[in-house]
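Have a look at my_file_9.txt below; it lists compact mmCIF, C-alpha atoms.
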# COMPACT_ATOMS: atom_id res chain seq x y z
CA MET A 1 4.89 20.34 28.16
CA GLU A 2 6.99 17.34 27.26
CA GLU A 3 4.42 14.59 27.47
CA ILE A 4 6.02 11.24 27.95
CA SER A 5 4.32 8.68 25.80
CA PRO A 6 3.21 5.42 27.29
CA GLN A 7 5.92 3.73 25.23
CA ARG A 8 4.36 1.90 22.30
CA LEU A 9 6.89 -0.80 21.62
CA PHE A 10 6.22 -2.81 18.50
CA THR A 11 6.79 -6.57 18.48
CA ALA A 12 8.84 -8.56 15.97
CA LYS A 13 5.58 -9.81 14.46
CA GLU A 14 4.30 -6.27 14.00
CA GLN A 15 7.59 -5.25 12.41
CA GLU A 16 7.30 -8.17 9.99
CA LEU A 17 3.80 -7.09 9.03
CA LEU A 18 5.12 -3.67 8.04
CA GLU A 19 7.74 -5.44 5.95
CA GLU A 20 4.99 -7.37 4.19
CA ILE A 21 3.06 -4.20 3.39
CA LEU A 22 6.20 -2.49 2.03
CA ILE A 23 7.05 -5.50 -0.12
CA HIS A 24 3.53 -5.90 -1.52
CA ARG A 25 3.11 -2.24 -2.46
CA ARG A 26 2.91 -1.84 -6.26
CA ASP A 27 2.44 0.92 -8.80
CA VAL A 28 -0.94 0.04 -10.31
CA ARG A 29 -1.94 1.11 -13.82
CA GLY A 30 -5.17 1.24 -15.80
CA ASN A 31 -5.09 -2.35 -17.04
CA HIS A 32 -5.62 -3.57 -13.46
CA PHE A 33 -7.93 -0.98 -11.88
CA LEU A 34 -11.56 -1.88 -11.18
CA ASN A 35 -14.13 0.88 -11.27
CA THR A 36 -15.66 -0.17 -7.94
CA PRO A 37 -16.13 3.04 -5.93
CA ILE A 38 -13.87 3.56 -2.92
CA PRO A 39 -15.86 4.06 0.30
CA GLN A 40 -15.47 7.48 1.93
CA GLU A 41 -14.12 5.82 5.07
CA ALA A 42 -11.20 4.34 3.13
CA ILE A 43 -10.48 7.69 1.47
CA ASP A 44 -10.44 9.35 4.89
CA THR A 45 -8.03 6.71 6.19
CA ILE A 46 -5.69 7.35 3.25
CA LEU A 47 -5.85 11.13 3.79
CA GLN A 48 -5.24 10.73 7.52
CA ALA A 49 -2.13 8.70 6.67
CA ALA A 50 -0.93 11.67 4.59
CA LEU A 51 -1.60 14.05 7.46
CA ALA A 52 0.47 11.85 9.80
CA ALA A 53 3.55 12.23 7.58
CA PRO A 54 6.63 14.05 8.80
CA SER A 55 7.04 17.61 7.57
CA VAL A 56 9.93 20.00 7.86
CA GLY A 57 9.36 22.40 10.76
CA PHE A 58 5.91 20.78 11.12
CA SER A 59 4.93 22.99 8.17
CA GLN A 60 2.52 20.44 6.60
CA PRO A 61 2.90 22.19 3.24
CA TRP A 62 0.38 20.05 1.37
CA GLU A 63 -2.98 20.19 -0.41
CA PHE A 64 -4.92 17.32 -1.94
CA VAL A 65 -7.37 17.72 -4.82
CA LEU A 66 -9.81 14.80 -5.07
CA ILE A 67 -10.89 14.28 -8.67
CA ARG A 68 -13.75 12.02 -9.76
CA ASP A 69 -15.15 13.90 -12.77
CA GLN A 70 -14.28 12.05 -15.99
CA LYS A 71 -14.07 15.37 -17.87
CA THR A 72 -11.35 16.63 -15.54
CA LYS A 73 -9.51 13.31 -15.80
CA GLN A 74 -9.81 13.46 -19.60
CA ALA A 75 -8.12 16.87 -19.60
CA VAL A 76 -5.27 15.49 -17.48
CA LYS A 77 -5.02 12.47 -19.75
CA GLU A 78 -4.45 14.83 -22.68
CA THR A 79 -1.26 16.20 -21.15
CA PHE A 80 -0.16 12.61 -20.43
CA ALA A 81 -0.61 11.81 -24.13
CA GLU A 82 1.35 14.89 -25.22
CA GLU A 83 4.21 14.24 -22.81
CA THR A 84 4.34 10.56 -23.77
CA ALA A 85 4.65 11.47 -27.45
CA HIS A 86 7.60 13.65 -26.51
CA ALA A 87 9.13 11.09 -24.11
CA VAL A 88 9.26 8.12 -26.50
CA THR A 89 11.51 10.05 -28.87
CA GLN A 90 14.13 10.20 -26.11
CA PHE A 91 14.49 6.41 -26.00
CA THR A 92 16.13 4.51 -28.79
CA ASP A 93 15.83 1.11 -30.46
CA GLN A 94 14.75 -1.71 -28.15
CA LYS A 95 13.95 0.57 -25.20
CA GLN A 96 11.64 2.67 -27.39
CA LYS A 97 9.80 -0.47 -28.54
CA GLU A 98 9.39 -1.62 -24.96
CA TYR A 99 8.33 1.86 -23.78
CA ILE A 100 5.50 2.00 -26.30
CA GLN A 101 4.11 -1.31 -25.06
CA LEU A 102 3.93 -0.26 -21.42
CA LYS A 103 0.68 0.90 -19.83
CA LEU A 104 1.91 3.72 -17.59
CA GLU A 105 -1.16 5.31 -16.04
CA GLY A 106 -4.74 4.67 -14.98
CA ILE A 107 -6.18 8.17 -14.99
CA LEU A 108 -9.53 7.28 -16.56
CA GLU A 109 -9.81 3.71 -15.29
CA SER A 110 -9.37 4.53 -11.59
CA PRO A 111 -12.42 5.89 -9.76
CA LEU A 112 -10.39 8.44 -7.79
CA ASN A 113 -7.45 10.64 -8.78
CA ILE A 114 -5.69 12.79 -6.20
CA ALA A 115 -3.43 15.67 -7.24
CA VAL A 116 -1.00 16.47 -4.44
CA PHE A 117 0.43 19.98 -4.26
CA TYR A 118 3.23 21.64 -2.36
CA THR A 119 2.04 24.97 -0.99
CA PRO A 120 5.04 27.16 -0.19
CA LYS A 121 4.71 29.44 2.81
CA ASP A 122 5.71 33.08 2.92
CA GLY A 123 8.67 33.59 5.21
CA PRO A 124 11.23 31.15 6.59
CA VAL A 125 10.39 27.54 7.48
CA LEU A 126 12.29 25.86 10.30
CA GLY A 127 14.61 23.26 8.76
CA GLN A 128 14.15 24.52 5.22
CA THR A 129 16.54 27.49 5.37
CA SER A 130 19.57 25.54 4.03
CA MET A 131 17.79 22.93 1.91
CA PRO A 132 14.91 24.68 0.10
CA ASP A 133 13.50 21.45 -1.34
CA MET A 134 12.64 20.08 2.13
CA GLY A 135 9.03 21.26 1.83
CA LYS A 136 8.58 19.27 -1.36
CA TYR A 137 10.19 16.26 0.28
CA SER A 138 7.64 16.51 3.10
CA VAL A 139 4.88 16.22 0.53
CA VAL A 140 6.56 13.13 -0.93
CA CYS A 141 6.61 11.55 2.56
CA ALA A 142 2.86 12.16 2.71
CA ILE A 143 2.43 10.46 -0.67
CA GLN A 144 4.43 7.43 0.44
CA ASN A 145 2.25 7.16 3.57
CA MET A 146 -0.85 7.26 1.34
CA TRP A 147 0.58 4.55 -0.91
CA LEU A 148 1.26 2.19 1.98
CA MET A 149 -2.08 2.86 3.64
CA ALA A 150 -3.92 2.27 0.35
CA ARG A 151 -2.10 -1.07 -0.05
CA SER A 152 -3.04 -2.11 3.49
CA LEU A 153 -6.67 -1.40 2.49
CA ASN A 154 -6.08 -3.58 -0.61
CA ILE A 155 -6.48 -0.49 -2.80
CA GLY A 156 -4.03 0.07 -5.61
CA MET A 157 -2.27 3.35 -6.28
CA GLY A 158 -0.36 4.56 -9.31
CA TRP A 159 1.81 7.68 -9.45
CA VAL A 160 1.64 9.39 -12.85
CA SER A 161 4.61 11.65 -13.61
CA ILE A 162 4.46 11.87 -17.40
CA LEU A 163 2.48 15.10 -17.23
CA ASP A 164 3.11 18.80 -17.71
CA PRO A 165 2.61 20.09 -14.14
CA GLU A 166 1.61 23.54 -15.42
CA LYS A 167 -1.16 22.06 -17.58
CA VAL A 168 -2.48 20.02 -14.64
CA LYS A 169 -2.48 23.18 -12.51
CA LYS A 170 -4.48 24.96 -15.21
CA VAL A 171 -7.03 22.13 -15.43
CA LEU A 172 -7.48 22.24 -11.65
CA LYS A 173 -7.39 26.07 -11.44
CA ALA A 174 -4.61 25.71 -8.86
CA PRO A 175 -3.08 28.86 -7.36
CA GLU A 176 0.04 30.07 -9.16
CA LYS A 177 2.34 29.40 -6.18
CA ASN A 178 1.28 25.76 -5.75
CA GLN A 179 3.61 23.11 -7.18
CA LEU A 180 2.36 19.74 -8.35
CA ILE A 181 4.35 16.98 -6.65
CA GLY A 182 2.32 13.88 -7.51
CA TYR A 183 -0.72 12.93 -9.56
CA LEU A 184 -2.11 9.74 -8.02
CA CYS A 185 -4.69 7.22 -9.22
CA PHE A 186 -6.55 5.06 -6.69
CA GLY A 187 -8.78 2.04 -7.14
CA TYR A 188 -9.40 -1.56 -6.25
CA THR A 189 -7.57 -3.92 -8.56
CA ASP A 190 -8.00 -7.32 -10.15
CA MET A 191 -4.47 -8.18 -9.00
CA PHE A 192 -1.24 -6.92 -7.53
CA TYR A 193 1.99 -8.06 -9.18
CA ASN A 194 4.45 -10.08 -7.10
CA GLN A 195 7.28 -7.77 -8.05
CA PRO A 196 7.58 -4.28 -9.54
CA GLU A 197 6.11 -4.47 -13.04
CA LEU A 198 9.24 -2.94 -14.59
CA GLU A 199 11.32 -5.63 -12.86
CA LEU A 200 9.07 -8.42 -14.17
CA LYS A 201 9.25 -6.93 -17.65
CA LYS A 202 13.03 -6.64 -17.36
CA TRP A 203 13.12 -2.87 -17.93
CA ASN A 204 15.65 -2.67 -15.08
CA ARG A 205 16.97 -5.20 -12.57
CA LYS A 206 16.70 -4.81 -8.83
CA LYS A 207 19.82 -3.38 -7.18
CA LEU A 208 21.42 -5.30 -4.34
CA GLN A 209 22.12 -3.76 -0.95
CA ASN A 210 25.89 -4.03 -1.37
CA GLU A 211 25.71 -2.08 -4.63
CA VAL A 212 24.23 0.99 -2.97
CA VAL A 213 25.67 0.98 0.55
CA ILE A 214 28.95 2.75 1.31
CA GLN A 215 30.77 2.44 4.63
CA GLU A 216 31.90 5.71 6.26
CA LYS A 217 33.02 7.56 3.11
CA TYR A 218 33.34 7.22 -0.62
CA LYS A 219 36.81 6.02 -1.66
CA MET B 1 5.85 -13.02 -17.88
CA GLU B 2 2.99 -11.44 -15.96
CA GLU B 3 3.10 -13.48 -12.78
CA ILE B 4 -0.18 -13.35 -10.95
CA SER B 5 0.43 -12.92 -7.27
CA PRO B 6 -1.30 -15.16 -4.78
CA GLN B 7 -3.32 -12.14 -3.67
CA ARG B 8 -2.06 -10.93 -0.30
CA LEU B 9 -5.13 -9.25 1.11
CA PHE B 10 -4.53 -7.39 4.34
CA THR B 11 -7.09 -7.54 7.14
CA ALA B 12 -8.64 -4.58 8.96
CA LYS B 13 -6.48 -5.42 11.96
CA GLU B 14 -3.33 -5.33 9.84
CA GLN B 15 -4.38 -2.00 8.33
CA GLU B 16 -4.87 -0.60 11.83
CA LEU B 17 -1.40 -1.73 12.82
CA LEU B 18 0.09 0.28 9.93
CA GLU B 19 -1.93 3.25 11.17
CA GLU B 20 -0.39 2.83 14.61
CA ILE B 21 3.14 2.76 13.20
CA LEU B 22 2.48 5.89 11.10
CA ILE B 23 1.03 7.72 14.09
CA HIS B 24 3.85 6.76 16.47
CA ARG B 25 6.67 7.75 14.10
CA ARG B 26 8.59 10.73 15.45
CA ASP B 27 11.57 12.87 14.53
CA VAL B 28 14.06 12.01 17.28
CA ARG B 29 16.83 14.39 18.32
CA GLY B 30 19.99 14.12 20.40
CA ASN B 31 18.36 14.71 23.77
CA HIS B 32 16.55 11.37 23.46
CA PHE B 33 19.02 9.09 21.66
CA LEU B 34 20.77 6.30 23.60
CA ASN B 35 24.21 5.22 22.48
CA THR B 36 23.29 1.53 22.53
CA PRO B 37 24.65 0.05 19.29
CA ILE B 38 22.12 -0.97 16.64
CA PRO B 39 22.48 -4.66 15.68
CA GLN B 40 23.51 -5.30 12.07
CA GLU B 41 20.30 -7.25 11.50
CA ALA B 42 18.20 -4.19 12.33
CA ILE B 43 20.33 -2.01 10.04
CA ASP B 44 19.84 -4.52 7.23
CA THR B 45 16.09 -4.52 7.81
CA ILE B 46 16.03 -0.71 7.58
CA LEU B 47 18.12 -0.75 4.38
CA GLN B 48 15.92 -3.44 2.86
CA ALA B 49 12.90 -1.22 3.56
CA ALA B 50 14.64 1.53 1.56
CA LEU B 51 15.31 -0.87 -1.30
CA ALA B 52 11.62 -1.83 -1.38
CA ALA B 53 10.58 1.79 -2.01
CA PRO B 54 8.97 2.82 -5.28
CA SER B 55 11.26 4.50 -7.79
CA VAL B 56 10.49 6.25 -11.03
CA GLY B 57 11.07 3.90 -13.95
CA PHE B 58 12.41 1.39 -11.37
CA SER B 59 15.59 3.49 -11.50
CA GLN B 60 16.47 3.01 -7.80
CA PRO B 61 18.60 6.18 -7.92
CA TRP B 62 19.90 5.96 -4.34
CA GLU B 63 23.07 5.46 -2.33
CA PHE B 64 23.40 5.19 1.45
CA VAL B 65 26.54 6.14 3.35
CA LEU B 66 26.67 4.55 6.83
CA ILE B 67 28.62 6.76 9.23
CA ARG B 68 29.77 5.68 12.69
CA ASP B 69 33.08 7.54 13.04
CA GLN B 70 32.73 10.39 15.55
CA LYS B 71 35.27 12.46 13.58
CA THR B 72 33.13 12.32 10.47
CA LYS B 73 30.04 13.17 12.48
CA GLN B 74 31.90 16.07 14.09
CA ALA B 75 32.69 17.49 10.65
CA VAL B 76 29.01 17.25 9.68
CA LYS B 77 28.03 18.84 12.97
CA GLU B 78 30.19 21.84 12.07
CA THR B 79 28.11 22.60 9.00
CA PHE B 80 24.97 22.22 11.14
CA ALA B 81 26.34 24.84 13.54
CA GLU B 82 27.20 27.25 10.72
CA GLU B 83 23.82 26.87 9.03
CA THR B 84 22.00 27.26 12.34
CA ALA B 85 23.81 30.52 13.06
CA HIS B 86 22.61 31.73 9.68
CA ALA B 87 19.07 30.36 10.09
CA VAL B 88 18.25 31.97 13.43
CA THR B 89 18.76 35.43 11.96
CA GLN B 90 15.86 34.73 9.57
CA PHE B 91 13.38 34.36 12.42
CA THR B 92 12.26 37.33 14.48
CA ASP B 93 11.19 38.06 18.06
CA GLN B 94 9.38 35.22 19.79
CA LYS B 95 10.05 32.67 17.02
CA GLN B 96 13.77 33.39 17.23
CA LYS B 97 13.73 32.83 20.99
CA GLU B 98 11.87 29.57 20.57
CA TYR B 99 14.15 28.46 17.70
CA ILE B 100 17.27 28.86 19.83
CA GLN B 101 15.82 26.64 22.55
CA LEU B 102 15.04 23.72 20.23
CA LYS B 103 17.34 20.71 19.96
CA LEU B 104 17.19 19.99 16.24
CA GLU B 105 19.65 17.17 15.55
CA GLY B 106 21.34 14.15 17.12
CA ILE B 107 24.39 13.78 14.89
CA LEU B 108 26.87 12.99 17.67
CA GLU B 109 24.48 11.35 20.11
CA SER B 110 23.12 8.73 17.69
CA PRO B 111 25.30 5.66 17.08
CA LEU B 112 24.54 5.59 13.35
CA ASN B 113 24.13 8.36 10.78
CA ILE B 114 23.08 7.59 7.21
CA ALA B 115 23.59 10.12 4.40
CA VAL B 116 21.20 9.37 1.57
CA PHE B 117 22.14 10.48 -1.93
CA TYR B 118 20.35 10.80 -5.23
CA THR B 119 22.56 9.44 -8.00
CA PRO B 120 21.38 10.81 -11.35
CA LYS B 121 21.69 8.51 -14.33
CA ASP B 122 23.06 9.47 -17.72
CA GLY B 123 20.33 9.39 -20.32
CA PRO B 124 16.55 9.46 -20.02
CA VAL B 125 14.69 7.80 -17.13
CA LEU B 126 11.22 6.40 -17.76
CA GLY B 127 8.70 8.66 -15.99
CA GLN B 128 11.22 11.41 -15.31
CA THR B 129 11.20 13.06 -18.73
CA SER B 130 8.50 15.63 -17.85
CA MET B 131 9.11 15.98 -14.10
CA PRO B 132 12.88 15.98 -13.56
CA ASP B 133 12.61 15.91 -9.75
CA MET B 134 10.99 12.46 -9.78
CA GLY B 135 14.35 10.75 -9.11
CA LYS B 136 14.83 12.79 -5.96
CA TYR B 137 11.26 12.02 -4.91
CA SER B 138 12.03 8.30 -5.24
CA VAL B 139 14.88 8.74 -2.77
CA VAL B 140 12.50 10.49 -0.36
CA CYS B 141 10.11 7.51 -0.60
CA ALA B 142 13.04 5.29 0.41
CA ILE B 143 13.76 7.55 3.41
CA GLN B 144 10.14 7.42 4.54
CA ASN B 145 10.22 3.61 4.33
CA MET B 146 13.37 3.61 6.48
CA TRP B 147 11.73 5.91 9.01
CA LEU B 148 8.69 3.68 9.40
CA MET B 149 10.75 0.49 9.53
CA ALA B 150 13.04 1.99 12.17
CA ARG B 151 10.00 2.93 14.28
CA SER B 152 8.59 -0.59 14.00
CA LEU B 153 11.96 -1.79 15.35
CA ASN B 154 11.57 0.75 18.18
CA ILE B 155 14.54 2.68 16.79
CA GLY B 156 14.30 6.45 16.52
CA MET B 157 15.26 8.42 13.43
CA GLY B 158 15.86 12.12 12.97
CA TRP B 159 16.20 13.90 9.61
CA VAL B 160 18.72 16.75 9.76
CA SER B 161 18.25 19.37 7.04
CA ILE B 162 20.04 22.37 8.54
CA LEU B 163 23.23 21.50 6.67
CA ASP B 164 25.13 22.72 3.65
CA PRO B 165 24.76 19.73 1.29
CA GLU B 166 27.98 20.62 -0.52
CA LYS B 167 29.96 20.56 2.72
CA VAL B 168 28.50 17.17 3.66
CA LYS B 169 29.46 15.87 0.22
CA LYS B 170 33.01 17.12 0.75
CA VAL B 171 33.25 15.44 4.19
CA LEU B 172 32.06 12.15 2.68
CA LYS B 173 34.10 12.51 -0.53
CA ALA B 174 30.89 12.01 -2.50
CA PRO B 175 31.03 12.10 -6.31
CA GLU B 176 30.27 15.51 -7.80
CA LYS B 177 27.06 14.35 -9.48
CA ASN B 178 25.50 12.93 -6.29
CA GLN B 179 22.94 15.09 -4.52
CA LEU B 180 22.34 14.88 -0.78
CA ILE B 181 18.65 14.30 -0.10
CA GLY B 182 18.63 13.42 3.59
CA TYR B 183 21.05 13.19 6.49
CA LEU B 184 19.56 10.74 8.97
CA CYS B 185 20.40 9.89 12.59
CA PHE B 186 19.41 6.49 14.01
CA GLY B 187 19.41 5.17 17.55
CA TYR B 188 17.40 3.62 20.33
CA THR B 189 15.70 6.24 22.47
CA ASP B 190 14.68 6.85 26.07
CA MET B 191 11.23 7.85 24.80
CA PHE B 192 9.09 8.71 21.81
CA TYR B 193 6.84 11.75 22.11
CA ASN B 194 3.08 11.23 21.82
CA GLN B 195 2.82 13.95 19.19
CA PRO B 196 5.25 15.76 16.90
CA GLU B 197 7.61 17.70 19.16
CA LEU B 198 6.94 20.96 17.29
CA GLU B 199 3.21 20.43 17.85
CA LEU B 200 3.70 19.82 21.58
CA LYS B 201 5.88 22.92 21.78
CA LYS B 202 3.26 24.92 19.86
CA TRP B 203 5.62 25.90 17.04
CA ASN B 204 2.79 25.10 14.61
CA ARG B 205 -0.64 23.54 15.03
CA LYS B 206 -1.77 20.39 13.24
CA LYS B 207 -3.80 21.06 10.10
CA LEU B 208 -7.22 19.48 9.78
CA GLN B 209 -8.22 17.34 6.81
CA ASN B 210 -10.84 19.83 5.65
CA GLU B 211 -8.25 22.61 5.54
CA VAL B 212 -6.10 20.81 2.98
CA VAL B 213 -8.58 18.81 0.89
CA ILE B 214 -10.17 20.32 -2.21
CA GLN B 215 -13.00 18.68 -4.13
CA GLU B 216 -12.56 18.43 -7.92
CA LYS B 217 -10.98 21.85 -8.54
CA TYR B 218 -9.87 25.00 -6.81
CA LYS B 219 -12.58 27.69 -6.81
Will you turn the file into structure tokens for me?
Amino acid sequence: MEEISPQRLFTAKEQELLEEILIHRRDVRGNHFLNTPIPQEAIDTILQAALAAPSVGFSQPWEFVLIRDQKTKQAVKETFAEETAHAVTQFTDQKQKEYIQLKLEGILESPLNIAVFYTPKDGPVLGQTSMPDMGKYSVVCAIQNMWLMARSLNIGMGWVSILDPEKVKKVLKAPEKNQLIGYLCFGYTDMFYNQPELELKKWNRKKLQNEVVIQEKYK
Amino acid sequence: MEEISPQRLFTAKEQELLEEILIHRRDVRGNHFLNTPIPQEAIDTILQAALAAPSVGFSQPWEFVLIRDQKTKQAVKETFAEETAHAVTQFTDQKQKEYIQLKLEGILESPLNIAVFYTPKDGPVLGQTSMPDMGKYSVVCAIQNMWLMARSLNIGMGWVSILDPEKVKKVLKAPEKNQLIGYLCFGYTDMFYNQPELELKKWNRKKLQNEVVIQEKYK
């Protein structure tokens, strides 16, 4: 039953390559997407990366809706516009001015959108009995795997979160119990930034390791 | 301002290597951890992988508590035991029998535990105004990066979720506003399974791509 793996030990060079992929991953928006179609083989590779993600109790509580129809994307874009109008009022002065100038999605410009849902199961899930959000976190692990795999295929991905999840569900006729975790845009790009765009544009600065690491316990 | 990256294009071979790392990542529990200490350099590499994760509005809303003291681990293990006693009652018949036989954590056996917290910010966060859980999802992306980086260093990681987050916070004297997202155990291992342990043990079967992919819209 307990199959012993022929131990796959990764080399220092292989570890460094992973580091490179992590560091070069960017959130890509509509001003950098190309409309070149993504080959089915690449889409399958990205979806297989999702399916290789960890999930609590091996529950794999995920569904992926692949959207290419511009009409569907347009309907999603409408909720982005509504939520953006609402969001900008929450920022003041300089931050509001900067917010308005940012391009924050690529729904129409990217050839492929993928809506990723959490599909709760009836009955208890191993590992989720004390922390009910674990199922959603499993879906996020799948999204991060997709993001890294896309980058290794030189395909950009952007995660759009300025949306009303209930409106997106309605557009996609999603079952009532499904919960939208991420709305993702995929496409080849004319460039990848060297650093996170919001770092380059000085929206926030990058935190240092010693600012976020605590030894043993909080004081 | 908009620095154009010398385009780092990954090759097919590099993409395949990422695939290998994703596929060989496992959830490692106490029956396979070795107590060999993890060098500081490897810990730094894992933490740097976390810090390279995407975060909503570049908010980087994470803190990492590194735990090595067996007394602290013992206190965390106590909440695991309590929550497990509660959890098993939720499963019936055969599943309950199987549940009891599973080793589901490696808190004491692993040389390093890392508690990962979400640290909410006062005021609005770009991208989080419509989907308030986005900050927590950013922390999960950081955890998945750590998991993959650990595997590429041939270090096992296990995510323990059968815990009362409030009790863990108390043990670690965490600030009231912090939210525990993941409690992680790290260590070298005597083996990595070929497949997810819960797949090998037939707790659940692996879902196929065509079972979880929907074209355009739900019917």
So that I can check the surroundings of Glu83 in chain B, please list as a PyMOL selection string every protein, DNA and RNA residue that reaches within 7 Å of it, counting only C-alpha atoms and ignoring chain neighbours fewer than 5 positions away. (chain A and resi 130) or (chain B and resi 162-164)
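Closest approach to Ile114 in chain A among A:Phe10, A:Phe64, A:Tyr218, A:Phe192 is made by A:Phe64 (distances from only C-alpha atoms).
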Using only C-alpha atoms, the best pick from A:Tyr183, A:Tyr193, A:Trp147, A:Tyr118 as closest to chain B would be A:Tyr193
In terms of only C-alpha atoms, the residue from B:Ile21, B:Val28, B:Leu34, B:Ala142 at minimal distance from Glu63 in chain B is B:Ala142
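Taking all atoms listed in the file, the non-local environment of Val212 in chain A within 12 Å (same-chain residues fewer than 6 positions away omitted) comprises Lys206 and Tyr218 of chain A; Leu47, Gln48, Ala50, Leu51, Gln60, Pro61, Trp62, Glu63, Phe64, Val65, Leu66, Ala115, Val116, Phe117, Tyr118 and Thr119 of chain B.
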Practice problem: With a distance cut-off of 9 Å and all atoms listed in the file, select the neighbouring residues of Gly187 in chain B, excluding the residue or stretch itself and same-chain residues fewer than 6 positions from it, and output the selection as a ChimeraX atom specification. | Solution: /B:28,33-38,109-113,150,155-157
Legend entry - Exercise: residues within 12 Å of coordinate (-5.6, 15.4, -22.3), counting all atoms listed in the file, as a PyMOL selection string: chain A and resi 70-84+107-108+162-164+167-168+170-171
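Distances to Gly57 in chain A were evaluated for B:Gln195, B:Thr89, B:Gln209, B:Ser161 using all atoms listed in the file, and the minimum falls at B:Ser161.
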Contacts of Leu9 in chain B at 10 Å or less, counting all atoms listed in the file, minus same-chain residues fewer than 3 places along, as a JSON list (two decimals) with C-alpha atoms, in the coordinates of the input?
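Output (part39.json):
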[["chain", "number", "residue", "atom", "x", "y", "z"],
["A", 21, "ILE", "CA", 3.06, -4.20, 3.39],
["A", 24, "HIS", "CA", 3.53, -5.90, -1.52],
["A", 151, "ARG", "CA", -2.10, -1.07, -0.05],
["A", 152, "SER", "CA", -3.04, -2.11, 3.49],
["A", 153, "LEU", "CA", -6.67, -1.40, 2.49],
["A", 154, "ASN", "CA", -6.08, -3.58, -0.61],
["A", 155, "ILE", "CA", -6.48, -0.49, -2.80],
["A", 192, "PHE", "CA", -1.24, -6.92, -7.53],
["B", 6, "PRO", "CA", -1.30, -15.16, -4.78],
["B", 12, "ALA", "CA", -8.64, -4.58, 8.96],
["B", 14, "GLU", "CA", -3.33, -5.33, 9.84]]
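Among the candidate residues B:Glu197, B:Asp133, B:Asp190, B:Asp44, the one lying nearest to Arg26 in chain B is B:Glu197, with distances computed using only C-alpha atoms.
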For chain B, the closest of A:Leu102, A:Val139, A:Leu208, A:Val213 counting only C-alpha atoms is A:Val213
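In this structure, CA of Val56 in chain B sits 26.7 Å away from CA of Ala42 in chain B.
The space separating CA of Ala87 in chain B from CA of Leu184 in chain B comes to 19.7 Å.
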